[in-house]
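Have a look at the structure below before the remarks.
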Amino acid sequence: MTYSTITGLGFYVPENVVTNNDLTQYMETSDQWIQERTGIQQRRYFTYGKETNASMATAASRMALERAAVQAQDVDLIVYATITPDYFFPGSAFLMQRELGLEGIGVIDIRNQCSGFVYALSIADQFIKTGMYRTILVVGSEIQSSWINKSTAGRNVAVIFGDGAGAAVVQATTDPEHRILSTHLHADGRFAEDLYVKDPGSSRPGRAATKEMIDEGGFDVVMNGNAVFKHAVVRFSEVINESLDANGFKPSDISLLVPHQANVRISEYVRQQMGLSEEQVVSNIHKYGNTTAASIPIAMTEAFDEGRIKPGDLICLAAFGSGFTWASALIRW
């Protein structure tokens with residue numbers, strides 16, 4: 001049988017470090033207030049004219065390809081997750097494809113918010129297992145600093161998000177031991193408006209109403225924080241256990257859990273509920289904030305570089321985000 005395995009990881013974050021104290025020039029807040037509520041100490045913001053969503057994804061992809069010892073021309077497909085594309089259309093996958101010189105291969109743009117990378121990984125896994133493709137580039141990339149409301153009114157959301165990109169090279173293998181064991185995808189659109197950005201949307205007045213939409217807050221993130229937290233802590237645990245049950249494992253078998261970096265309080269709650277030690281869970285939100293679809297590949301790459309992911313380890317990826325959407329992947333490294 002043909003399986004899929006991750007052969008290379010990479011990430012890119014902008015050089016521009018924005019601390020909690022830096023945010024006080026835009027809004028009424030403090031380092032203590034932000035850390036107590038989110039665990040974030042700093043985040044990265046892109047530089048206009050220097051970086052784009054696609055350029056960051058390209059940099060992360062080049063690192064992943066180099067580490068996998070794979071030439072860009074060997075890539076058969078790109079699966080690209082983002083909610084902040086460079087253009088309204090076409091998607092940023094096309095722009096990254098162009099930067100890598102891969103004209104002609106298929107690209108898939110998906111928008112599954114914070115679960116985007118796990119969804120993209122699952123898509124790659126299915127294509128490889130069917131034999132259609134052998135080498136797939138899976139990417140998560142976000143630029144969120146350009147549209148968040150950096151005022152006191154928007155601070156509950158603005159302090160959370162950062163910019164960055166992560167990538168993985170996924171390839172075909174016949175090794176039944178070291179591979180992606182399973183992926184699990186879920187969504188519940190009943191709660192779409194508990195975390196969303198309304199505009200610009202095609203189902204409302206367009207160009208003529210843009211200023212009105214901005215003035216009315218249509219471009220701002222609307223977040224029901226209590227609802228998001230309550231659903232996240234339940235769904236995280238559910239989807240992690242689902243992946244373990246599907247493969248005959250228990251929580252103590254996990255070598256490393258790489259959760260979406262949403263909020264340190266969510267990750268800590270899930271860690272305690274699962275009975276995992278701090279060493280078994282990756283947390284880098286203090287450095288980068290919430291980078292949405294990019295958070296898992298960034299965290300996974302850093303964990304690999306730190307020697308926390310080794311051959312034979314059981315790695316679990318888990319995410320929850322707007323939609324609501326939640327997903328997991330279980331990997332034998």
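Ordered as shown in the structure tokens, chains take letters A, B, and onward, while each chain numbers its residues from 1 and ligands are numbered from 1 in the order shown.
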
Contacts of A:Arg190 within 8 Å, only C-alpha atoms, excl. fewer than 2 positions in-chain, as a list in words
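Everything that qualifies: Asp188, Ala192 and Phe324 of chain A.
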
Residues near A:Ile180, cut-off 9 Å, only C-alpha atoms, skip fewer than 2 positions along chain, as a list in words
Tyr3, Ser4, Thr5, Ile6, Asp125, His178, Ser182, Thr183, Ala329, Leu330, Ile331, Arg332 and Trp333 of chain A

May I have the selected residues written with C-alpha atoms, as a PDB file, in the first residue's frame?
ATOM      1  CA  TYR A   3       1.011   5.910   2.515  1.00  0.00           C
ATOM      2  CA  SER A   4       2.093   9.516   3.051  1.00  0.00           C
ATOM      3  CA  THR A   5       4.847  10.866   5.243  1.00  0.00           C
ATOM      4  CA  ILE A   6       6.223  14.303   6.071  1.00  0.00           C
ATOM      5  CA  ASP A 125      -2.775  12.501   2.488  1.00  0.00           C
ATOM      6  CA  HIS A 178       6.530   5.929   9.693  1.00  0.00           C
ATOM      7  CA  SER A 182      -5.056   9.176  10.139  1.00  0.00           C
ATOM      8  CA  THR A 183      -6.701  12.581   9.871  1.00  0.00           C
ATOM      9  CA  ALA A 329      -3.860  14.278  12.530  1.00  0.00           C
ATOM     10  CA  LEU A 330      -1.909  11.439  14.091  1.00  0.00           C
ATOM     11  CA  ILE A 331       1.573  10.811  12.729  1.00  0.00           C
ATOM     12  CA  ARG A 332       4.163   8.127  13.421  1.00  0.00           C
ATOM     13  CA  TRP A 333       7.369  10.031  12.692  1.00  0.00           C
TER      14      TRP A 333
END

Go through A:Asp86, A:Asp163, A:Asp253, A:Glu15 and flag the residue nearest A:Asn290, using only C-alpha atoms for the distances.
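Of all the options, A:Asp163 lies closest to A:Asn290.
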
Which of these residues is nearest to A:Thr301, using only C-alpha atoms: A:Phe127, A:Tyr288, A:Trp326, A:Tyr12?
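Among the listed residues, the smallest separation from A:Thr301 belongs to A:Tyr12.
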
Can you tell me, as a ChimeraX atom specification, what residues are no more than 12 Å from A:Ala153 when counting only C-alpha atoms, ignoring any on the same chain fewer than 3 positions away?
/A:26-29,148-150,156-159,217,220-222

Once DSSP has gone over the backbone, tell me which residues of stretch 32-244 of chain A are in strand (DSSP E or B), as a ChimeraX atom specification.
/A:42-44,77-81,106-110,135-142,161,164-173,179-187,195-197,221-223

Would you list the contacts of stretch 236-243 of chain A as JSON, numbers by chain, taking every protein, DNA or RNA residue within 12 Å and counting only C-alpha atoms, but skipping same-chain residues closer than 3 positions in sequence?
{"A": [115, 118, 180, 181, 182, 183, 184, 185, 186, 187, 228, 229, 230, 231, 232, 233, 246, 247, 248, 249, 250, 251, 252, 253, 254, 256, 257, 258, 259, 260, 261, 262, 266, 267, 268, 269, 270, 271, 272, 273, 274, 275, 276, 314, 315, 316, 317, 318, 319, 320, 321, 324, 325, 326, 327, 328, 329, 330, 331]}

Distance of atom CA of A:Gly162 from atom CA of A:Thr291, expressed in Å to one decimal place
5.1 Å

Point-to-point distance in Å for atom CA of A:Phe117 and atom CA of A:Pro297:
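Taking atom CA of A:Pro297 and atom CA of A:Phe117, their separation equals 7.4 Å.
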
With only C-alpha atoms as the atoms that count, which of A:Gly189, A:Gly166, A:Gly91, A:Gly201 lies nearest to A:Thr58?
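The shortest atom-to-atom distance to A:Thr58 comes from A:Gly166.
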
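Pairwise distance (atom CA of A:Phe219, atom CA of A:Val197) equals 5.9 Å.
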
Give the answer as one residue: which of A:Glu177, A:Asp215, A:Glu51, A:Asp109 has the shortest atom-to-atom distance to A:Ile143, using only C-alpha atoms?
A:Glu51

Please provide as number ranges by chain all residues within 10 Å of A:Arg308, with the sequence filter that same-chain residues fewer than 5 positions apart are discarded (counting only C-alpha atoms).
A: 255-256, 279-282, 300-303, 313

Output file for the selection above: N, CA and C atoms, as a PDB file, in the first residue's frame:
ATOM      1  N   SER A 255       3.838  11.225  22.040  1.00  0.00           N
ATOM      2  CA  SER A 255       5.174  11.765  22.284  1.00  0.00           C
ATOM      3  C   SER A 255       5.125  13.288  22.331  1.00  0.00           C
ATOM      4  N   LEU A 256       4.335  13.872  21.412  1.00  0.00           N
ATOM      5  CA  LEU A 256       4.239  15.319  21.360  1.00  0.00           C
ATOM      6  C   LEU A 256       2.901  15.730  20.741  1.00  0.00           C
ATOM      7  N   GLU A 279       6.059  18.860  28.865  1.00  0.00           N
ATOM      8  CA  GLU A 279       7.033  18.456  27.846  1.00  0.00           C
ATOM      9  C   GLU A 279       6.360  17.785  26.657  1.00  0.00           C
ATOM     10  N   GLN A 280       5.135  17.304  26.840  1.00  0.00           N
ATOM     11  CA  GLN A 280       4.426  16.612  25.762  1.00  0.00           C
ATOM     12  C   GLN A 280       3.628  17.556  24.868  1.00  0.00           C
ATOM     13  N   VAL A 281       3.609  18.840  25.193  1.00  0.00           N
ATOM     14  CA  VAL A 281       2.797  19.800  24.447  1.00  0.00           C
ATOM     15  C   VAL A 281       3.659  20.966  23.979  1.00  0.00           C
ATOM     16  N   VAL A 282       3.545  21.295  22.691  1.00  0.00           N
ATOM     17  CA  VAL A 282       4.291  22.429  22.136  1.00  0.00           C
ATOM     18  C   VAL A 282       3.530  23.718  22.393  1.00  0.00           C
ATOM     19  N   MET A 300       5.484  23.073  14.730  1.00  0.00           N
ATOM     20  CA  MET A 300       6.045  21.758  14.454  1.00  0.00           C
ATOM     21  C   MET A 300       7.487  21.868  13.975  1.00  0.00           C
ATOM     22  N   THR A 301       7.765  22.870  13.143  1.00  0.00           N
ATOM     23  CA  THR A 301       9.135  23.058  12.662  1.00  0.00           C
ATOM     24  C   THR A 301      10.070  23.408  13.810  1.00  0.00           C
ATOM     25  N   GLU A 302       9.641  24.301  14.682  1.00  0.00           N
ATOM     26  CA  GLU A 302      10.471  24.662  15.829  1.00  0.00           C
ATOM     27  C   GLU A 302      10.703  23.463  16.742  1.00  0.00           C
ATOM     28  N   ALA A 303       9.671  22.679  16.961  1.00  0.00           N
ATOM     29  CA  ALA A 303       9.818  21.494  17.809  1.00  0.00           C
ATOM     30  C   ALA A 303      10.808  20.513  17.197  1.00  0.00           C
ATOM     31  N   ASP A 313       8.514   8.671  17.067  1.00  0.00           N
ATOM     32  CA  ASP A 313       7.611   9.415  17.952  1.00  0.00           C
ATOM     33  C   ASP A 313       6.189   9.420  17.397  1.00  0.00           C
TER      34      ASP A 313
END

So which residues touch A:Val17 within 10 Å, counting only C-alpha atoms, skipping near sequence neighbours fewer than 5 positions away, as a ChimeraX atom specification?
/A:22,42-46,162,287-288

Keeping all heavy atoms, export the residues of the selection given above as a short mmCIF file (atom, residue, chain, number, x, y, z; two decimals), in the first residue's frame.
data_model
loop_
_atom_site.label_atom_id
_atom_site.label_comp_id
_atom_site.auth_asym_id
_atom_site.auth_seq_id
_atom_site.Cartn_x
_atom_site.Cartn_y
_atom_site.Cartn_z
N ASP A 22 4.62 47.54 22.80
CA ASP A 22 4.50 48.30 21.56
C ASP A 22 3.03 48.59 21.23
O ASP A 22 2.72 49.64 20.63
CB ASP A 22 5.12 47.52 20.39
CG ASP A 22 6.63 47.44 20.48
OD1 ASP A 22 7.25 48.34 21.08
OD2 ASP A 22 7.20 46.46 19.94
N GLN A 42 4.78 38.64 22.52
CA GLN A 42 5.11 39.38 21.30
C GLN A 42 4.54 38.63 20.11
O GLN A 42 4.08 37.51 20.22
CB GLN A 42 6.62 39.54 21.15
CG GLN A 42 7.36 38.21 21.03
CD GLN A 42 8.86 38.36 20.96
OE1 GLN A 42 9.45 39.16 21.68
NE2 GLN A 42 9.49 37.59 20.08
N ARG A 43 4.59 39.30 18.96
CA ARG A 43 4.15 38.68 17.71
C ARG A 43 4.95 39.33 16.59
O ARG A 43 5.67 40.32 16.81
CB ARG A 43 2.64 38.82 17.48
CG ARG A 43 2.13 40.19 17.14
CD ARG A 43 2.07 41.15 18.28
NE ARG A 43 1.11 40.76 19.32
CZ ARG A 43 1.30 40.99 20.60
NH1 ARG A 43 2.38 41.64 21.02
NH2 ARG A 43 0.42 40.62 21.50
N ARG A 44 4.83 38.82 15.37
CA ARG A 44 5.55 39.39 14.23
C ARG A 44 4.54 40.05 13.28
O ARG A 44 3.47 39.49 13.02
CB ARG A 44 6.33 38.31 13.47
CG ARG A 44 7.31 37.51 14.32
CD ARG A 44 8.47 38.36 14.82
NE ARG A 44 9.41 37.55 15.58
CZ ARG A 44 10.55 37.07 15.08
NH1 ARG A 44 10.89 37.31 13.82
NH2 ARG A 44 11.36 36.35 15.85
N TYR A 45 4.91 41.22 12.77
CA TYR A 45 4.11 41.91 11.75
C TYR A 45 4.92 42.03 10.46
O TYR A 45 6.11 42.34 10.52
CB TYR A 45 3.73 43.32 12.22
CG TYR A 45 2.61 43.39 13.24
CD1 TYR A 45 2.21 44.63 13.76
CD2 TYR A 45 1.95 42.25 13.70
CE1 TYR A 45 1.19 44.73 14.68
CE2 TYR A 45 0.93 42.33 14.64
CZ TYR A 45 0.55 43.59 15.14
OH TYR A 45 -0.45 43.68 16.06
N PHE A 46 4.25 41.81 9.35
CA PHE A 46 4.92 41.92 8.06
C PHE A 46 5.29 43.37 7.76
O PHE A 46 4.73 44.31 8.34
CB PHE A 46 4.05 41.33 6.96
CG PHE A 46 3.10 42.31 6.31
CD1 PHE A 46 3.22 42.61 4.96
CD2 PHE A 46 2.08 42.93 7.04
CE1 PHE A 46 2.35 43.50 4.34
CE2 PHE A 46 1.21 43.83 6.43
CZ PHE A 46 1.35 44.12 5.08
N GLY A 162 -0.88 37.41 14.85
CA GLY A 162 0.41 37.74 14.26
C GLY A 162 0.51 37.18 12.86
O GLY A 162 -0.40 36.51 12.36
N LYS A 287 5.76 33.77 21.58
CA LYS A 287 6.67 34.41 20.63
C LYS A 287 5.98 34.95 19.38
O LYS A 287 6.42 35.95 18.81
CB LYS A 287 7.76 33.43 20.20
CG LYS A 287 8.70 33.00 21.30
CD LYS A 287 9.92 32.31 20.73
CE LYS A 287 9.59 31.00 20.08
NZ LYS A 287 10.81 30.28 19.61
N TYR A 288 4.93 34.27 18.93
CA TYR A 288 4.35 34.57 17.62
C TYR A 288 2.88 34.93 17.64
O TYR A 288 2.34 35.34 16.61
CB TYR A 288 4.55 33.39 16.67
CG TYR A 288 5.98 32.94 16.54
CD1 TYR A 288 6.38 31.65 16.87
CD2 TYR A 288 6.96 33.83 16.09
CE1 TYR A 288 7.70 31.25 16.75
CE2 TYR A 288 8.28 33.44 15.97
CZ TYR A 288 8.65 32.15 16.30
OH TYR A 288 9.96 31.76 16.19
#

Excluding A:Val79 and its own-chain neighbours fewer than 5 positions away, which residues fall within 6 Å of it when counting only C-alpha atoms? Please give them as a PDB file with N, CA and C atoms, in the first residue's frame.
ATOM      1  N   VAL A 107      -3.018  23.533  -8.060  1.00  0.00           N
ATOM      2  CA  VAL A 107      -2.980  24.184  -6.750  1.00  0.00           C
ATOM      3  C   VAL A 107      -4.385  24.181  -6.170  1.00  0.00           C
ATOM      4  N   ILE A 108      -4.454  24.058  -4.844  1.00  0.00           N
ATOM      5  CA  ILE A 108      -5.738  24.086  -4.151  1.00  0.00           C
ATOM      6  C   ILE A 108      -5.644  25.114  -3.031  1.00  0.00           C
ATOM      7  N   ALA A 120      -5.514  20.870   5.105  1.00  0.00           N
ATOM      8  CA  ALA A 120      -4.649  20.777   3.927  1.00  0.00           C
ATOM      9  C   ALA A 120      -3.813  19.502   3.958  1.00  0.00           C
ATOM     10  N   VAL A 138       2.395  21.356   1.350  1.00  0.00           N
ATOM     11  CA  VAL A 138       1.271  21.791   2.184  1.00  0.00           C
ATOM     12  C   VAL A 138       1.693  23.047   2.937  1.00  0.00           C
TER      13      VAL A 138
END

Point out the residue among A:Met132, A:Ile298, A:Ile160, A:Leu9 with the least atom-to-atom distance to A:Leu23, counting only C-alpha atoms.
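Smallest distance to A:Leu23 is found for A:Ile160.
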
Residues flagged alpha helix (DSSP H) by DSSP in stretch 139-331 of chain A, as a PyMOL selection string
chain A and resi 155-158+210-215+225-246+264-274+285-288+295-305
